[in-house]
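Peer 1: My questions will all concern the structure given below.
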Amino acid sequence: MCISVFAVAKRGGKVLVGIPETNDRWTSEWVSGWLMYSKEEREEQYHKKRLPSTYLWEGEHPDDALRRVMLDQLGITKFAASSPKVFSYLAPSDWYPGNHHWDLVFVYWVRTTESPKKSPWWRELGCVETKKLREEEFGGNGDLMRDLKILQKDH
């Protein structure tokens with residue numbers, strides 16, 4: 001089971017998305033599940049677009065995880081966030097055949113006047129027109145992007 005927090009920063013027809021830089025901080029602090037992937041699968045994740053996000057730590061409140069995302073990944077200290085919207089996904093487990101994997105996702109819509117700081121955690125990070133985004137660019141998060149209605153209907 002994975003429990004995650006995602007930050008959606010949207011301005012007009014654009015949303016903040018990034019491509020992570022290969023860095024151990026992703027697997028040590030934000031997406032430890034990638035450690036279960038093969039080297040090839042993990043490398044693929046470093047070429048997929050994603051919203052700023054993290055797994056929850058055991059006992060951590062989703063609001064605190066959002067603060068980690070905003071400060072640690074983006075360098076943003078002042079922001080306002082909605083109450084989280086919760087999504088859940090169930091799929092056959094790749095790691096445990098015959099079992100299921102459950103994803104529980106807390107999504108916050110955030111507003112800020114600050115721009116993300118340049119950091120070693122992101123290869124690319126910026127606001128992208130939603131009409132230019134494709135579900136397949138987001139790998140395992142494509143279904144979430146579709147459900148958030150960030151992707152245009154013609155995609």
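All residue names refer to the structure tokens as shown: chains lettered A, B, ... in order, residues numbered from 1 in each chain, ligands numbered from 1 in order.
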For stretch 82-98 of chain A, please output as a PyMOL selection string all residues within 9 Å (counting only C-alpha atoms; exclusion window: fewer than 3 positions along the same chain).
Peer 2: chain A and resi 5+36+62-63+101-111+143-144+147
Peer 1: Contacts of A:Gly13 at 8 Å or less, counting only C-alpha atoms, minus same-chain residues fewer than 5 places along, as a ChimeraX atom specification?
Peer 2: /A:129-131
Peer 1: Would you mind telling me which residue in A:Cys127, A:Leu133, A:Leu66, A:Leu74 lies nearest to A:Arg11 when using only C-alpha atoms?
Peer 2: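 When distances to A:Arg11 are compared using only C-alpha atoms, the smallest one comes from A:Cys127.
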Peer 1: Given the choices A:Glu137, A:Glu114, A:Glu124, A:Glu29, which gets closest to A:Thr77 if the distance is worked out from only C-alpha atoms?
Peer 2: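 When distances to A:Thr77 are compared using only C-alpha atoms, the smallest one comes from A:Glu114.
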Peer 1: Counting only C-alpha atoms, figure out which residue out of A:Gly33, A:Pro20, A:Pro52, A:Thr113 gets nearest to A:Val8.
Peer 2: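 Among A:Gly33, A:Pro20, A:Pro52, A:Thr113, it is A:Pro52 that comes nearest to A:Val8.
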Peer 1: Measuring atom to atom with only C-alpha atoms, identify which of A:Glu60, A:Ser4, A:Asn99, A:Gly18 is nearest to A:Lys118.
Peer 2: A:Gly18
Peer 1: Out of stretch 73-120 of chain A, which residues get strand (DSSP E) from DSSP, as a list in words?
Peer 2: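 Residues of stretch 73-120 of chain A classed as strand (DSSP E): Ala80, Ala81, Lys85, Val86, Phe87, Ser88, Tyr89, Leu90, Ala91, Pro92, His100, His101, Trp102, Asp103, Leu104, Val105, Phe106, Val107, Tyr108, Trp109, Val110 and Arg111 of chain A.
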Peer 1: Next, the residues of the selection above should be written as a compact mmCIF listing (two decimals), in the first residue's frame with N, CA and C atoms.
Peer 2:
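Final file, again_37.txt:
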```
# COMPACT_ATOMS: atom_id res chain seq x y z
N ALA A 80 -1.01 28.78 0.37
CA ALA A 80 -2.31 28.41 0.92
C ALA A 80 -2.75 27.14 0.21
N ALA A 81 -3.40 26.27 0.93
CA ALA A 81 -3.82 25.00 0.34
C ALA A 81 -5.26 24.70 0.68
N LYS A 85 -8.32 16.49 -1.27
CA LYS A 85 -9.28 15.60 -1.92
C LYS A 85 -8.60 14.23 -1.92
N VAL A 86 -9.34 13.19 -1.60
CA VAL A 86 -8.75 11.86 -1.46
C VAL A 86 -9.19 10.96 -2.60
N PHE A 87 -8.22 10.28 -3.18
CA PHE A 87 -8.46 9.32 -4.26
C PHE A 87 -7.89 7.98 -3.82
N SER A 88 -8.49 6.91 -4.30
CA SER A 88 -7.92 5.58 -4.03
C SER A 88 -7.93 4.77 -5.31
N TYR A 89 -6.90 3.95 -5.45
CA TYR A 89 -6.73 3.11 -6.63
C TYR A 89 -6.35 1.71 -6.18
N LEU A 90 -6.95 0.71 -6.80
CA LEU A 90 -6.65 -0.68 -6.51
C LEU A 90 -6.28 -1.35 -7.81
N ALA A 91 -5.16 -2.08 -7.79
CA ALA A 91 -4.69 -2.75 -9.01
C ALA A 91 -3.99 -4.04 -8.62
N PRO A 92 -3.91 -4.98 -9.54
CA PRO A 92 -3.14 -6.20 -9.25
C PRO A 92 -1.69 -5.84 -8.90
N HIS A 100 -3.31 -7.62 -4.37
CA HIS A 100 -3.59 -6.30 -4.92
C HIS A 100 -2.71 -5.25 -4.27
N HIS A 101 -2.50 -4.17 -4.99
CA HIS A 101 -1.79 -3.01 -4.47
C HIS A 101 -2.79 -1.87 -4.35
N TRP A 102 -2.76 -1.18 -3.23
CA TRP A 102 -3.68 -0.09 -2.98
C TRP A 102 -2.90 1.21 -2.89
N ASP A 103 -3.36 2.22 -3.60
CA ASP A 103 -2.81 3.57 -3.51
C ASP A 103 -3.88 4.48 -2.93
N LEU A 104 -3.52 5.17 -1.86
CA LEU A 104 -4.38 6.17 -1.25
C LEU A 104 -3.67 7.51 -1.45
N VAL A 105 -4.37 8.48 -2.05
CA VAL A 105 -3.73 9.71 -2.49
C VAL A 105 -4.47 10.93 -1.92
N PHE A 106 -3.72 11.81 -1.25
CA PHE A 106 -4.25 13.09 -0.77
C PHE A 106 -3.77 14.16 -1.74
N VAL A 107 -4.69 14.89 -2.34
CA VAL A 107 -4.33 15.92 -3.31
C VAL A 107 -4.74 17.28 -2.76
N TYR A 108 -3.76 18.19 -2.71
CA TYR A 108 -4.00 19.55 -2.27
C TYR A 108 -3.84 20.49 -3.46
N TRP A 109 -4.78 21.41 -3.61
CA TRP A 109 -4.65 22.49 -4.59
C TRP A 109 -4.00 23.63 -3.83
N VAL A 110 -2.84 24.08 -4.31
CA VAL A 110 -2.09 25.12 -3.59
C VAL A 110 -2.03 26.41 -4.39
N ARG A 111 -1.97 27.52 -3.65
CA ARG A 111 -1.81 28.84 -4.25
C ARG A 111 -0.60 29.50 -3.59
```
Peer 1: Please identify the helix (DSSP H, G or I) residues within chain A (assignment by DSSP from backbone atoms) and present them as a VMD selection string.
Peer 2: chain A and resid 24 to 30 32 to 36 39 to 45 62 to 73 130 to 132 135 to 147
Peer 1: Which residues, written as a list in words, have at least one atom at most 10 Å from A:Lys49, with only C-alpha atoms counted and residues fewer than 2 positions away on the same chain left out?
Peer 2: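 So, after excluding close chain neighbours, the residues are Val17, Gly18, Ile19, Pro20, Gln45, Tyr46, His47, Leu51, Pro52, Glu124, Leu125, Leu133, Arg134, Glu135, Glu136, Glu137, Phe138, Gly139, Asn141 and Gly142 of chain A.
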